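Asks: Here's a structure for you.
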Amino acid sequence: MSFQQGLSGLKGASSNLDVISNNIANSSTVGFKTSQSQFADVYASSVYGTSALQVGIGTQVSEIAQQFTQGNVTVTNNPLDMGISGEGFFKLTPPGSSAISYTRNGQFHLDGNGYIVNSTGQILQGWLANTSGIVVPGATKSLQIAFTPAPPNTTTTATLSANLDAGATLPSGAISPSNPSTYNWSTSMTVYDQLGVAHGLVFYFKKTASNSWNFDMYVNNNLVVGPPGGAATPTHTITFNTNGSVNQIDGAAAAAFSPTVPAATLNSGAAALTFSLDLTGFTQYGTTFGTSQVTQDGYSSGRIAGLSVAKDGTIQGRYTNGQSRTLGQVVLTSFNNPRGLLPLGNNQWANTQAAGAAVENTPGSGVLGVLQSGSVEESNVDLTAELVNMIVAQRLYQANAQSVRAQDQLLQTLVNLR
């Protein structure tokens, strides 16, 4: 009598229950991939092969195969959580080590040094951006967010557009900011020096004739003496055509000019500020004074206020000065045979020869999926199916136990022969 078939069936059914139980236990584990027990029959072999009448000696577990199907992607409140929709794995390395592992669990956060890490402290890998905010492809590096202030940008160009009321009266006397009766209207804009210090540039407009106006510019209560038209004049002129458009500025054809604010006027430690100022959008219509456009390209220094990740893995930093900047890019890795990866626990795998070469690229390129920021990929375990599989595995275990019991009864019959 042989108990081997029944024992192998019990062992296989037990292994199958272990796999099913592990799937059920990880049904809420982010990035988990369900496994499946695969079996093969067993025959005694010899140099002459097997006989046509040979009975098999049972079953064996040939593979515990993980199924890398897509899990549902759910929304979280963490902008650094990333769910992969499609193929690919995140690449991780432990701090101070060159060991590499891969994961589908996109639950990440910043550590005390600004590195993007998972719950076990392993660092997400990708490409870093240079100081200009341009991602530099190449060998992947640990993604780290710099908390140093972003540098300011000096104002180099500015545009001011407004309407000067054609029906305005003519004030008397030279323009004096402290005497509103010497000008018709005033408006202002902000400009930034090379240190990022903001300065109010105030304009005062005075009508001098039917189509002619004077204007002065002040910074920190100091008159800005520009060199428009090649001459240093404290008071500028702007004339209009009969249709209300700008004709000339300081006696020259309407064009942008470049006033200079001296360093002493700035009084911030920065060098003198020279920028291109465009007033060609001014109009003179019979409506009240109003500013229609104020733009300039300068801004102050800023500290990082938030992060976001685009579908292609680009990490954007938002700063307190209203600017945004690219800080890096998450890189995904694909394999020809993901089932060949070696499970390491903690939702991670290691590459093996069976998995094939690791191919790295940006999300959305080639076969790689895209990222969804502020979300994670749930386990792909079908809990209902697993519960049904458990019932089937339990019945198989009972059936194999009955096979062992039948063998035992036959053996007992033989022993009782007299």
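Quick note on naming: the chains in the structure tokens go A, B, ... in the order shown, residues restart at 1 in each chain, and ligands are numbered from 1 in order of appearance.
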Can you tell me, as a PyMOL selection string, which residues in region 85-300 of chain A count as helix (DSSP H, G or I) by DSSP?

Replies: chain A and resi 180-182+228-230+263-266

Asks: Hey, what's within 10 Å of region 262-264 of chain A if we count only C-alpha atoms and toss same-chain stuff fewer than 5 positions away? As a PyMOL selection string, please?

Replies: chain A and resi 193+219+222+224-225+269-274

Asks: If you keep N, CA and C atoms, can you produce a file of those selected residues as a compact mmCIF listing (two decimals), in the first residue's frame?

Replies:
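Printed below is out.txt as written:
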```txt
# COMPACT_ATOMS: atom_id res chain seq x y z
N ASP A 193 14.44 94.27 -7.34
CA ASP A 193 15.88 94.40 -7.62
C ASP A 193 16.53 93.03 -7.59
N VAL A 219 10.33 106.11 -6.97
CA VAL A 219 10.60 104.89 -6.20
C VAL A 219 11.09 105.33 -4.84
N ASN A 222 11.58 108.93 -4.28
CA ASN A 222 12.66 109.57 -5.04
C ASN A 222 12.31 109.55 -6.52
N VAL A 224 12.63 109.11 -10.31
CA VAL A 224 13.44 108.26 -11.19
C VAL A 224 13.78 109.06 -12.44
N VAL A 225 15.06 109.30 -12.66
CA VAL A 225 15.52 110.03 -13.83
C VAL A 225 15.95 109.03 -14.88
N GLY A 269 20.90 97.46 -0.84
CA GLY A 269 22.16 96.74 -1.00
C GLY A 269 22.33 96.17 -2.39
N ALA A 270 21.30 96.28 -3.22
CA ALA A 270 21.37 95.78 -4.59
C ALA A 270 21.95 96.85 -5.51
N ALA A 271 22.40 96.39 -6.67
CA ALA A 271 22.91 97.31 -7.68
C ALA A 271 21.76 98.07 -8.31
N ALA A 272 22.09 99.10 -9.08
CA ALA A 272 21.07 99.90 -9.76
C ALA A 272 20.18 99.00 -10.62
N LEU A 273 18.92 99.34 -10.71
CA LEU A 273 17.95 98.54 -11.43
C LEU A 273 17.58 99.23 -12.73
N THR A 274 17.89 98.57 -13.84
CA THR A 274 17.52 99.06 -15.17
C THR A 274 16.62 98.02 -15.83
```

Asks: Any idea what's packed within 10 Å of region 165-169 of chain A, counting only C-alpha atoms, ignoring anything in its chain fewer than 6 positions away? Could you give it as a list in words?

Replies: Tyr183, Asn184, Trp185, Lys206, Lys207, Thr208, Ala209, Ser210, Asn211, Ser212, Phe240, Gly244, Thr283, Gln284, Tyr285, Gly286, Thr287, Thr288, Phe289 and Gly290 of chain A

Asks: Any idea what's packed within 12 Å of Leu344 (chain A), counting only C-alpha atoms, ignoring anything in its chain fewer than 6 positions away? Could you give it as number ranges by chain?

Replies: A: 100-103, 350-352

Asks: Which residue gives the smallest distance to Ser300 (chain A) among A:Ala399, A:Pro137, A:Ile238, A:Asn153, with only C-alpha atoms counted?

Replies: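 Smallest distance to Ser300 (chain A) is found for A:Asn153.
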
Asks: Of the candidates A:Leu387, A:Val415, A:Val404, A:Val135, which one gets nearest to Leu10 (chain A) if we count only C-alpha atoms?

Replies: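 The answer is A:Val404, which sits nearest to Leu10 (chain A).
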